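*Asks:* One structure coming up, written as structure tokens, with questions to follow.
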Amino acid sequence: EQWLGKDGRQIESIAAALTQGEGTVSASGADGVVRLFAFTTIPKVDWRVSAGIPAEIVLSQYRKTLKAGVLAATVLVAVLGVIAVAAWVAMKVLVPIRSLTDAAQAVSQGNLDARADERGPIEIAETAVQFNRMLADLTKTKSDLEKHAAQLAASHKDLESFSYSVSHDLRAPLRAIDGFSRILLEDYADKVDDEGRRLLTVVRDNTQKMRLLIDDILAFSRAGRAAINVSEIDMNTLTAEIFDELKPAAAGRTVNFRIRPLPPACADRAMMRQVLT
């Protein structure tokens with residue numbers, strides 16, 4: 001609790017890991033307990049992974065052996081005790097830490113099947129257990145995401161096929177409606193009164209709007225297959241161009257169109273044009 005609100009980089013163990021990137025060190029943790037830490041860097045994301053065990057646990061057997069040797073044995077017994085402690089440290093501490101480090105490096109290279117050795121001192125073993133559980137969860141999440149992505153791709157393909165089919169099926173009746181309305185206006189103008197001509201004109205106008213809507217549906221159905229070409233776009237210029245293209249559709253109407261200053265955008269120009277249209 002004494003570290004709440006403070007800079008964690010002042011903690012000895014964290015400062016050592018950030019400075020060296022990989023190695024071992026004897027340092028104080030956030031709780032002030034001196035531990036032997038081993039740490040390494042996960043490439044690409046530049047994360048640090050560290051594991052520590054209290055120095056007292058590691059050195060306790062060494063101290064007992066040394067004390068017994070100094071008090072009751074020869075220098076040879078003391079040396080053998082130190083060698084025994086070193087071997088114990090290597091087998092019980094460094095080997096499990098090395099396993100955890102190797103597993104972390106394998107994960108950084110995309111191998112989610114890697115697992116750490118769960119044997120060793122209790123703190124290292126618990127760390128390895130939690131690490132392996134995390135990898136199991138990541139593997140399951142990755143599998144679920146891949147299934148979801150496949151379902152989305154299938155749904156998008158079905159939607160694209162449906163939009164394309166419906167759009168094409170609607171074109172023929174629309175052409176017929178527009179064509180017959182035009183024939184009535186041109187060939188039977190003397191037999192249709194002003195209200196009839198107005199209504200036929202409304203029919204043709206709405207037919208044109210429906211045709212434009214179908215074109216938009218077709219364009220949307222093809223959007224998933226279009227390659228994205230990102231570039232910087234002058235949005236003011238693009239908006240003005242689109243308005244000029246749409247002016248003929250508003251013939252006979254008074255349209256007030258104002259473009260306030262727009263910032264440039266980084267996007268696909270063709271798709272941005274479709275959005276604005």
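Residues are referred to by chain and number: the chain letter is A, B, ... according to the order shown in the structure tokens, the number counts from 1 in that chain, and ligands are numbered separately from 1 in the order shown.
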DSSP on the backbone: what in stretch 5-59 of chain A comes out strand (DSSP E), as an NGL selection string?

*Replies:* :A and (23-28 or 34-42 or 47-54)

*Asks:* Looking only at the backbone, which of the residues in stretch 3-73 of chain A does DSSP tag as helix (DSSP H, G or I), as number ranges by chain?

*Replies:* A: 8-10, 12-20, 55-72

*Asks:* Give me, as a PyMOL selection string, all polymer residues having an atom no more than 7 Å from stretch 20-35 of chain A, counting only C-alpha atoms and skipping those fewer than 2 positions away in the same chain.

*Replies:* chain A and resi 11-13+16-18+37-41+52-55

*Asks:* Keeping only N, CA and C atoms, write the selected residues to a file as a short mmCIF file (atom, residue, chain, number, x, y, z; two decimals), in the first residue's frame.

*Replies:*
data_model
loop_
_atom_site.label_atom_id
_atom_site.label_comp_id
_atom_site.auth_asym_id
_atom_site.auth_seq_id
_atom_site.Cartn_x
_atom_site.Cartn_y
_atom_site.Cartn_z
N ILE A 11 11.02 1.33 -7.66
CA ILE A 11 11.22 0.03 -7.02
C ILE A 11 12.45 -0.63 -7.65
N GLU A 12 13.35 -1.15 -6.82
CA GLU A 12 14.62 -1.66 -7.32
C GLU A 12 14.44 -2.73 -8.39
N SER A 13 13.55 -3.69 -8.14
CA SER A 13 13.40 -4.80 -9.09
C SER A 13 12.88 -4.31 -10.44
N ALA A 16 15.62 -2.33 -12.30
CA ALA A 16 16.63 -3.22 -12.89
C ALA A 16 16.12 -3.86 -14.17
N ALA A 17 14.85 -4.30 -14.16
CA ALA A 17 14.28 -4.95 -15.35
C ALA A 17 14.19 -3.97 -16.51
N LEU A 18 13.77 -2.71 -16.22
CA LEU A 18 13.64 -1.70 -17.28
C LEU A 18 15.00 -1.30 -17.83
N PHE A 37 15.69 -11.99 -8.57
CA PHE A 37 14.80 -11.85 -9.71
C PHE A 37 15.51 -12.30 -10.99
N ALA A 38 14.76 -12.95 -11.86
CA ALA A 38 15.20 -13.21 -13.23
C ALA A 38 14.17 -12.57 -14.15
N PHE A 39 14.63 -11.89 -15.19
CA PHE A 39 13.69 -11.19 -16.05
C PHE A 39 14.18 -11.20 -17.49
N THR A 40 13.25 -11.00 -18.40
CA THR A 40 13.58 -10.95 -19.82
C THR A 40 12.58 -10.05 -20.52
N THR A 41 12.86 -9.72 -21.79
CA THR A 41 12.02 -8.82 -22.58
C THR A 41 11.27 -9.60 -23.65
N GLY A 52 10.47 -13.74 -9.13
CA GLY A 52 11.40 -13.57 -8.02
C GLY A 52 11.08 -14.50 -6.88
N ILE A 53 12.10 -14.83 -6.10
CA ILE A 53 11.93 -15.66 -4.92
C ILE A 53 12.72 -14.99 -3.79
N PRO A 54 12.15 -14.91 -2.58
CA PRO A 54 12.87 -14.25 -1.48
C PRO A 54 14.27 -14.81 -1.31
N ALA A 55 15.24 -13.91 -1.17
CA ALA A 55 16.63 -14.32 -1.01
C ALA A 55 16.81 -15.15 0.25
#

*Asks:* Which residues are near A:Leu135? Cut-off 12 Å, only C-alpha atoms, ignore same chain within fewer than 3 positions. Put them as a list in words.

*Replies:* Ala103, Ala104, Ala106, Val107, Ser108, Gly110, Asn111, Leu112, Asp113, Ala114, Arg115, Ala116, Ala128, Val129, Gln130, Phe131, Asn132, Leu138, Thr139, Lys140, Thr141 and Lys142 of chain A

*Asks:* Export C-alpha atoms of the chosen residues as an mmCIF file, in the first residue's frame?

*Replies:*
data_model
loop_
_atom_site.group_PDB
_atom_site.id
_atom_site.type_symbol
_atom_site.label_atom_id
_atom_site.label_comp_id
_atom_site.auth_asym_id
_atom_site.auth_seq_id
_atom_site.Cartn_x
_atom_site.Cartn_y
_atom_site.Cartn_z
ATOM 1 C CA ALA A 103 8.016 -20.130 -22.621
ATOM 2 C CA ALA A 104 7.572 -16.347 -22.632
ATOM 3 C CA ALA A 106 8.068 -18.717 -27.489
ATOM 4 C CA VAL A 107 4.768 -16.891 -26.894
ATOM 5 C CA SER A 108 6.305 -13.655 -28.169
ATOM 6 C CA GLY A 110 3.445 -16.574 -31.781
ATOM 7 C CA ASN A 111 3.624 -20.064 -30.278
ATOM 8 C CA LEU A 112 0.619 -20.217 -27.928
ATOM 9 C CA ASP A 113 1.208 -23.943 -27.357
ATOM 10 C CA ALA A 114 4.305 -23.245 -25.250
ATOM 11 C CA ARG A 115 4.087 -24.118 -21.548
ATOM 12 C CA ALA A 116 6.324 -23.399 -18.549
ATOM 13 C CA ALA A 128 4.259 -20.947 -13.964
ATOM 14 C CA VAL A 129 0.773 -22.338 -13.228
ATOM 15 C CA GLN A 130 -0.838 -18.921 -13.717
ATOM 16 C CA PHE A 131 1.222 -18.344 -16.875
ATOM 17 C CA ASN A 132 0.070 -21.661 -18.349
ATOM 18 C CA LEU A 138 -5.509 -17.133 -24.971
ATOM 19 C CA THR A 139 -5.587 -20.266 -27.109
ATOM 20 C CA LYS A 140 -9.329 -20.682 -26.520
ATOM 21 C CA THR A 141 -9.954 -16.978 -27.231
ATOM 22 C CA LYS A 142 -7.972 -17.202 -30.465
#

*Asks:* Measuring atom to atom with only C-alpha atoms, identify which of A:Arg9, A:Arg182, A:His156, A:Arg63 is nearest to A:Leu200.

*Replies:*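 Looking only at the distances to A:Leu200, the closest residue turns out to be A:Arg182.
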
*Asks:* In terms of the shortest atom-to-atom distance over only C-alpha atoms, which of A:Val166, A:Leu4, A:Ala51, A:Leu71 is closest to A:Glu126?

*Replies:*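 Smallest separation from A:Glu126 among the options: A:Ala51.
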
*Asks:* Got a sec: who's within 6 Å of stretch 263-276 of chain A, counting only C-alpha atoms, leaving out chain neighbours fewer than 3 positions off, as a PyMOL selection string?

*Replies:* chain A and resi 228-235

*Asks:* Do you have the atom CA of A:Gln105-atom CA of A:Ala15 distance handy?

*Replies:* 21.0 Å

*Asks:* Could you state the separation of atom CA of A:Val202 and atom CA of A:Ser181 in Å, given to one decimal place?

*Replies:*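 That distance, rounded to one decimal, is 9.8 Å.
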
*Asks:* Which value, in Å to one decimal, gives the distance between atom CA of A:Asp169 and atom CA of A:Asp215?

*Replies:* 12.3 Å
